[in-house]
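Source file: input-v1.pdb (PDB, C-alpha atoms and all ligand atoms)
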ATOM      1  CA  MET A   1     131.851  86.069 120.177  1.00  0.00           C
ATOM      2  CA  ALA A   2     130.562  89.140 118.388  1.00  0.00           C
ATOM      3  CA  ASP A   3     126.945  90.163 118.742  1.00  0.00           C
ATOM      4  CA  LYS A   4     124.728  89.737 115.726  1.00  0.00           C
ATOM      5  CA  GLU A   5     124.124  92.825 113.651  1.00  0.00           C
ATOM      6  CA  PRO A   6     120.865  94.659 114.352  1.00  0.00           C
ATOM      7  CA  CYS A   7     117.966  94.185 111.952  1.00  0.00           C
ATOM      8  CA  TYR A   8     118.822  95.887 108.673  1.00  0.00           C
ATOM      9  CA  HIS A   9     115.242  96.976 108.210  1.00  0.00           C
ATOM     10  CA  CYS A  10     114.224  98.338 111.610  1.00  0.00           C
ATOM     11  CA  GLY A  11     117.401  98.425 113.687  1.00  0.00           C
ATOM     12  CA  LEU A  12     116.142  96.258 116.530  1.00  0.00           C
ATOM     13  CA  PRO A  13     118.399  93.576 117.973  1.00  0.00           C
ATOM     14  CA  ILE A  14     117.962  90.208 116.314  1.00  0.00           C
ATOM     15  CA  PRO A  15     117.056  87.351 118.647  1.00  0.00           C
ATOM     16  CA  ALA A  16     119.637  84.562 118.534  1.00  0.00           C
ATOM     17  CA  SER A  17     116.976  82.013 117.684  1.00  0.00           C
ATOM     18  CA  VAL A  18     115.786  83.608 114.456  1.00  0.00           C
ATOM     19  CA  ASP A  19     117.238  83.395 111.003  1.00  0.00           C
ATOM     20  CA  PHE A  20     115.637  85.866 108.628  1.00  0.00           C
ATOM     21  CA  SER A  21     117.470  87.631 105.866  1.00  0.00           C
ATOM     22  CA  VAL A  22     116.927  89.391 102.552  1.00  0.00           C
ATOM     23  CA  GLU A  23     119.412  90.080  99.801  1.00  0.00           C
ATOM     24  CA  ILE A  24     119.569  93.824  99.238  1.00  0.00           C
ATOM     25  CA  ASP A  25     121.830  95.294  96.580  1.00  0.00           C
ATOM     26  CA  GLY A  26     123.791  92.059  96.419  1.00  0.00           C
ATOM     27  CA  GLN A  27     124.323  91.761 100.169  1.00  0.00           C
ATOM     28  CA  ARG A  28     122.549  89.417 102.505  1.00  0.00           C
ATOM     29  CA  ARG A  29     121.056  91.512 105.325  1.00  0.00           C
ATOM     30  CA  ALA A  30     119.819  90.041 108.578  1.00  0.00           C
ATOM     31  CA  MET A  31     116.237  90.730 109.670  1.00  0.00           C
ATOM     32  CA  CYS A  32     114.710  90.411 113.140  1.00  0.00           C
ATOM     33  CA  CYS A  33     111.333  88.966 112.208  1.00  0.00           C
ATOM     34  CA  ALA A  34     109.128  87.702 109.388  1.00  0.00           C
ATOM     35  CA  GLY A  35     107.440  91.106 109.210  1.00  0.00           C
ATOM     36  CA  CYS A  36     110.680  92.958 108.528  1.00  0.00           C
ATOM     37  CA  GLN A  37     111.691  90.273 106.077  1.00  0.00           C
ATOM     38  CA  ALA A  38     108.371  90.619 104.244  1.00  0.00           C
ATOM     39  CA  VAL A  39     108.641  94.383 104.002  1.00  0.00           C
ATOM     40  CA  ALA A  40     112.280  94.252 102.911  1.00  0.00           C
ATOM     41  CA  GLN A  41     111.395  91.719 100.235  1.00  0.00           C
ATOM     42  CA  ALA A  42     108.613  93.964  98.978  1.00  0.00           C
ATOM     43  CA  ILE A  43     111.007  96.906  98.886  1.00  0.00           C
ATOM     44  CA  VAL A  44     113.525  94.902  96.865  1.00  0.00           C
ATOM     45  CA  ALA A  45     110.828  93.471  94.592  1.00  0.00           C
ATOM     46  CA  ASN A  46     109.625  96.966  93.768  1.00  0.00           C
ATOM     47  CA  GLY A  47     113.063  98.389  93.084  1.00  0.00           C
ATOM     48  CA  LEU A  48     112.886 100.688  96.093  1.00  0.00           C
ATOM     49  CA  THR A  49     116.200  99.792  97.708  1.00  0.00           C
ATOM     50  CA  ASP A  50     117.190 103.453  97.414  1.00  0.00           C
ATOM     51  CA  TYR A  51     115.119 103.756 100.562  1.00  0.00           C
ATOM     52  CA  TYR A  52     117.859 101.979 102.473  1.00  0.00           C
ATOM     53  CA  ARG A  53     120.640 103.923 100.819  1.00  0.00           C
ATOM     54  CA  HIS A  54     119.163 107.329 101.456  1.00  0.00           C
ATOM     55  CA  ARG A  55     117.587 107.056 104.859  1.00  0.00           C
ATOM     56  CA  ASP A  56     119.599 108.727 107.556  1.00  0.00           C
ATOM     57  CA  ALA A  57     117.830 107.367 110.607  1.00  0.00           C
ATOM     58  CA  MET A  58     115.938 104.302 111.651  1.00  0.00           C
ATOM     59  CA  PRO A  59     112.151 104.810 111.603  1.00  0.00           C
ATOM     60  CA  GLU A  60     110.403 105.786 114.812  1.00  0.00           C
ATOM     61  CA  SER A  61     107.934 102.973 114.572  1.00  0.00           C
ATOM     62  CA  PRO A  62     110.186 100.143 113.488  1.00  0.00           C
ATOM     63  CA  ARG A  63     107.649  97.501 112.656  1.00  0.00           C
ATOM     64  CA  GLU A  64     105.770  99.842 110.363  1.00  0.00           C
ATOM     65  CA  ALA A  65     108.877 101.060 108.608  1.00  0.00           C
ATOM     66  CA  LEU A  66     107.951 101.650 105.010  1.00  0.00           C
ATOM     67  CA  PRO A  67     109.391 103.872 102.357  1.00  0.00           C
ATOM     68  CA  GLN A  68     107.206 106.940 102.072  1.00  0.00           C
ATOM     69  CA  VAL A  69     106.804 106.305  98.376  1.00  0.00           C
ATOM     70  CA  LEU A  70     105.307 102.910  99.053  1.00  0.00           C
ATOM     71  CA  ALA A  71     102.999 104.209 101.768  1.00  0.00           C
ATOM     72  CA  THR A  72     101.585 107.253 100.017  1.00  0.00           C
ATOM     73  CA  SER A  73     101.888 107.159  96.272  1.00  0.00           C
ATOM     74  CA  PRO A  74      98.844 106.055  94.268  1.00  0.00           C
ATOM     75  CA  ALA A  75     101.263 104.965  91.562  1.00  0.00           C
ATOM     76  CA  ASN A  76     102.461 102.293  93.915  1.00  0.00           C
ATOM     77  CA  VAL A  77      99.092 100.778  94.559  1.00  0.00           C
ATOM     78  CA  ASP A  78     100.287  97.481  93.148  1.00  0.00           C
ATOM     79  CA  ALA A  79     103.288  97.561  95.443  1.00  0.00           C
ATOM     80  CA  LEU A  80     100.934  98.058  98.382  1.00  0.00           C
ATOM     81  CA  PHE A  81      98.834  95.175  97.172  1.00  0.00           C
ATOM     82  CA  LEU A  82     101.927  92.992  96.868  1.00  0.00           C
ATOM     83  CA  LEU A  83     102.907  93.973 100.373  1.00  0.00           C
ATOM     84  CA  GLY A  84      99.457  93.006 101.608  1.00  0.00           C
ATOM     85  CA  GLN A  85      99.855  89.602 100.030  1.00  0.00           C
ATOM     86  CA  ILE A  86     103.291  89.190 101.554  1.00  0.00           C
ATOM     87  CA  TYR A  87     101.960  90.119 104.999  1.00  0.00           C
ATOM     88  CA  LYS A  88      99.142  87.662 104.535  1.00  0.00           C
ATOM     89  CA  ALA A  89     101.539  84.890 103.552  1.00  0.00           C
ATOM     90  CA  ALA A  90     103.684  85.701 106.582  1.00  0.00           C
ATOM     91  CA  GLY A  91     100.635  85.397 108.843  1.00  0.00           C
ATOM     92  CA  PHE A  92     100.153  89.098 109.617  1.00  0.00           C
ATOM     93  CA  GLU A  93      96.425  89.145 108.886  1.00  0.00           C
ATOM     94  CA  ALA A  94      95.635  92.509 110.455  1.00  0.00           C
ATOM     95  CA  ARG A  95      98.466  94.234 108.678  1.00  0.00           C
ATOM     96  CA  ALA A  96      97.548  92.530 105.418  1.00  0.00           C
ATOM     97  CA  SER A  97      93.962  93.753 105.552  1.00  0.00           C
ATOM     98  CA  ALA A  98      95.150  97.255 106.439  1.00  0.00           C
ATOM     99  CA  MET A  99      97.224  97.164 103.254  1.00  0.00           C
ATOM    100  CA  PHE A 100      94.307  95.950 101.157  1.00  0.00           C
ATOM    101  CA  ARG A 101      92.090  98.694 102.583  1.00  0.00           C
ATOM    102  CA  ARG A 102      94.762 101.246 101.719  1.00  0.00           C
ATOM    103  CA  VAL A 103      94.859  99.891  98.169  1.00  0.00           C
ATOM    104  CA  LEU A 104      91.102 100.373  97.923  1.00  0.00           C
ATOM    105  CA  GLU A 105      91.336 103.928  99.239  1.00  0.00           C
ATOM    106  CA  LEU A 106      93.716 104.738  96.426  1.00  0.00           C
ATOM    107  CA  LYS A 107      92.026 102.627  93.795  1.00  0.00           C
ATOM    108  CA  PRO A 108      88.480 101.637  94.817  1.00  0.00           C
ATOM    109  CA  ARG A 109      88.074  99.138  91.992  1.00  0.00           C
ATOM    110  CA  HIS A 110      91.320  97.238  92.473  1.00  0.00           C
ATOM    111  CA  ALA A 111      90.087  93.732  91.718  1.00  0.00           C
ATOM    112  CA  GLY A 112      92.659  91.846  93.805  1.00  0.00           C
ATOM    113  CA  ALA A 113      92.131  94.005  96.871  1.00  0.00           C
ATOM    114  CA  LEU A 114      88.355  93.770  96.532  1.00  0.00           C
ATOM    115  CA  GLU A 115      88.671  90.031  96.521  1.00  0.00           C
ATOM    116  CA  GLU A 116      91.042  89.979  99.491  1.00  0.00           C
ATOM    117  CA  THR A 117      88.796  92.174 101.600  1.00  0.00           C
ATOM    118  CA  GLY A 118      85.694  90.246 100.604  1.00  0.00           C
ATOM    119  CA  THR A 119      83.974  93.359  99.274  1.00  0.00           C
ATOM    120  CA  SER A 120      83.752  92.003  95.743  1.00  0.00           C
ATOM    121  CA  ARG A 121      80.338  90.617  96.672  1.00  0.00           C
ATOM    122  CA  SER A 122      78.863  94.101  96.852  1.00  0.00           C
ATOM    123  CA  ARG A 123      79.370  94.645  93.165  1.00  0.00           C
ATOM    124  CA  PRO A 124      79.767  98.264  92.041  1.00  0.00           C
ATOM    125  CA  VAL A 125      77.054  99.297  89.629  1.00  0.00           C
TER     126      VAL A 125
HETATM  127 ZN    ZN B   1     113.344  94.287 112.155  1.00  0.00          ZN
END
If you took the structure in this file and wrote it as structure tokens, what would it be?
Amino acid sequence: MADKEPCYHCGLPIPASVDFSVEIDGQRRAMCCAGCQAVAQAIVANGLTDYYRHRDAMPESPREALPQVLATSPANVDALFLLGQIYKAAGFEARASAMFRRVLELKPRHAGALEETGTSRSRPV
């Protein structure tokens, strides 16, 4: 019996007991964990699947694999926020709040992120 493919997002082997996948460019790709699945879904949802097409190596830190554009561009602040919400839904609280903090760094008055981080109470004047 052939081994399962490695995780399409991070390249790690996929445990036999898990069943995560995301449809990317019309193909169902296997994922190793809910975190990879969440990130891959965010990438697809934001039309960033070019990331997969153009990358030439797996990321060094697999679990944090993110397209550079998503991680650094202020224009993608809503994508970061979406990713935070996805992480939160997947149960990755620490990663979710890191995302929301990043959103606030880029856009200090982002209403959704303020609410998620609980800083909306200290109302800006
Ligand atoms: Zn993975």
Point to revise | Distance in Å - CA of Cys10 (chain A) versus CA of Gly112 (chain A) | key: 28.7 Å
Exercise for review: Find the residues near region 78-94 of chain A: any atom within 6 Å, counting all atoms listed in the file, skip ones fewer than 5 places away on the same chain, and give them as a PyMOL selection string.
Suggested key: chain A and resi 38+42+99-100
May I have a table of the residues of chain A lying at most 7 Å from ligand ZN 1 (chain B), giving each one's closest pair of atoms and their distance in Å to one decimal, counting all atoms listed in the file, ordered by chain and ascending residue number, as a tab-separated table?
residue	atom	partner	partner_atom	distance
A:Cys7	CA	B:ZN1	ZN	4.6
A:Tyr8	CA	B:ZN1	ZN	6.7
A:His9	CA	B:ZN1	ZN	5.1
A:Cys10	CA	B:ZN1	ZN	4.2
A:Gly11	CA	B:ZN1	ZN	6.0
A:Leu12	CA	B:ZN1	ZN	5.6
A:Met31	CA	B:ZN1	ZN	5.2
A:Cys32	CA	B:ZN1	ZN	4.2
A:Cys33	CA	B:ZN1	ZN	5.7
A:Cys36	CA	B:ZN1	ZN	4.7
A:Pro62	CA	B:ZN1	ZN	6.8
A:Arg63	CA	B:ZN1	ZN	6.6
Can you give me, as a compact mmCIF listing (two decimals) with C-alpha atoms, keeping the file's coordinate frame, the residues this file yields under the PyMOL selection byres (((chain A and resi 24-26) around 12) and not hetatm)?
# COMPACT_ATOMS: atom_id res chain seq x y z
CA TYR A 8 118.82 95.89 108.67
CA HIS A 9 115.24 96.98 108.21
CA SER A 21 117.47 87.63 105.87
CA VAL A 22 116.93 89.39 102.55
CA GLU A 23 119.41 90.08 99.80
CA GLN A 27 124.32 91.76 100.17
CA ARG A 28 122.55 89.42 102.50
CA ARG A 29 121.06 91.51 105.32
CA ALA A 30 119.82 90.04 108.58
CA MET A 31 116.24 90.73 109.67
CA GLN A 37 111.69 90.27 106.08
CA VAL A 39 108.64 94.38 104.00
CA ALA A 40 112.28 94.25 102.91
CA GLN A 41 111.40 91.72 100.24
CA ALA A 42 108.61 93.96 98.98
CA ILE A 43 111.01 96.91 98.89
CA VAL A 44 113.52 94.90 96.86
CA ALA A 45 110.83 93.47 94.59
CA ASN A 46 109.62 96.97 93.77
CA GLY A 47 113.06 98.39 93.08
CA LEU A 48 112.89 100.69 96.09
CA THR A 49 116.20 99.79 97.71
CA ASP A 50 117.19 103.45 97.41
CA TYR A 51 115.12 103.76 100.56
CA TYR A 52 117.86 101.98 102.47
CA ARG A 53 120.64 103.92 100.82
Review point. What is the CA of His110 (chain A)-CA of Ala96 (chain A) distance in Å, reported with one decimal?
Key: 15.1 Å
Would you give the centre and edge lengths, in Å to one decimal, of a box along x, y and z around the listed atoms of region 90-103 of chain A, with 6 Å added to each side, as lines of an AutoDock Vina configuration file?
center_x = 97.9
center_y = 93.3
center_z = 104.3
size_x = 23.6
size_y = 27.8
size_z = 24.3
Identify all residues satisfying the PyMOL selection byres (((chain A and resi 17) around 12) and not hetatm) in the given file; provide them as a PDB file with C-alpha atoms, in the coordinates of the input.
ATOM      1  CA  LYS A   4     124.728  89.737 115.726  1.00  0.00           C
ATOM      2  CA  PRO A  13     118.399  93.576 117.973  1.00  0.00           C
ATOM      3  CA  ILE A  14     117.962  90.208 116.314  1.00  0.00           C
ATOM      4  CA  PRO A  15     117.056  87.351 118.647  1.00  0.00           C
ATOM      5  CA  ALA A  16     119.637  84.562 118.534  1.00  0.00           C
ATOM      6  CA  VAL A  18     115.786  83.608 114.456  1.00  0.00           C
ATOM      7  CA  ASP A  19     117.238  83.395 111.003  1.00  0.00           C
ATOM      8  CA  PHE A  20     115.637  85.866 108.628  1.00  0.00           C
ATOM      9  CA  MET A  31     116.237  90.730 109.670  1.00  0.00           C
ATOM     10  CA  CYS A  32     114.710  90.411 113.140  1.00  0.00           C
ATOM     11  CA  CYS A  33     111.333  88.966 112.208  1.00  0.00           C
TER      12      CYS A  33
END
Exercise for review: Tell me which residues the PyMOL selection byres (((chain A and resi 102) around 10) and not hetatm) grabs here, as a list in words.
Suggested key: Ala71, Thr72, Pro74, Val77, Leu80, Phe81, Gly84, Ala96, Ser97, Ala98, Met99, Phe100, Arg101, Val103, Leu104, Glu105, Leu106, Lys107, Pro108 and Ala113 of chain A
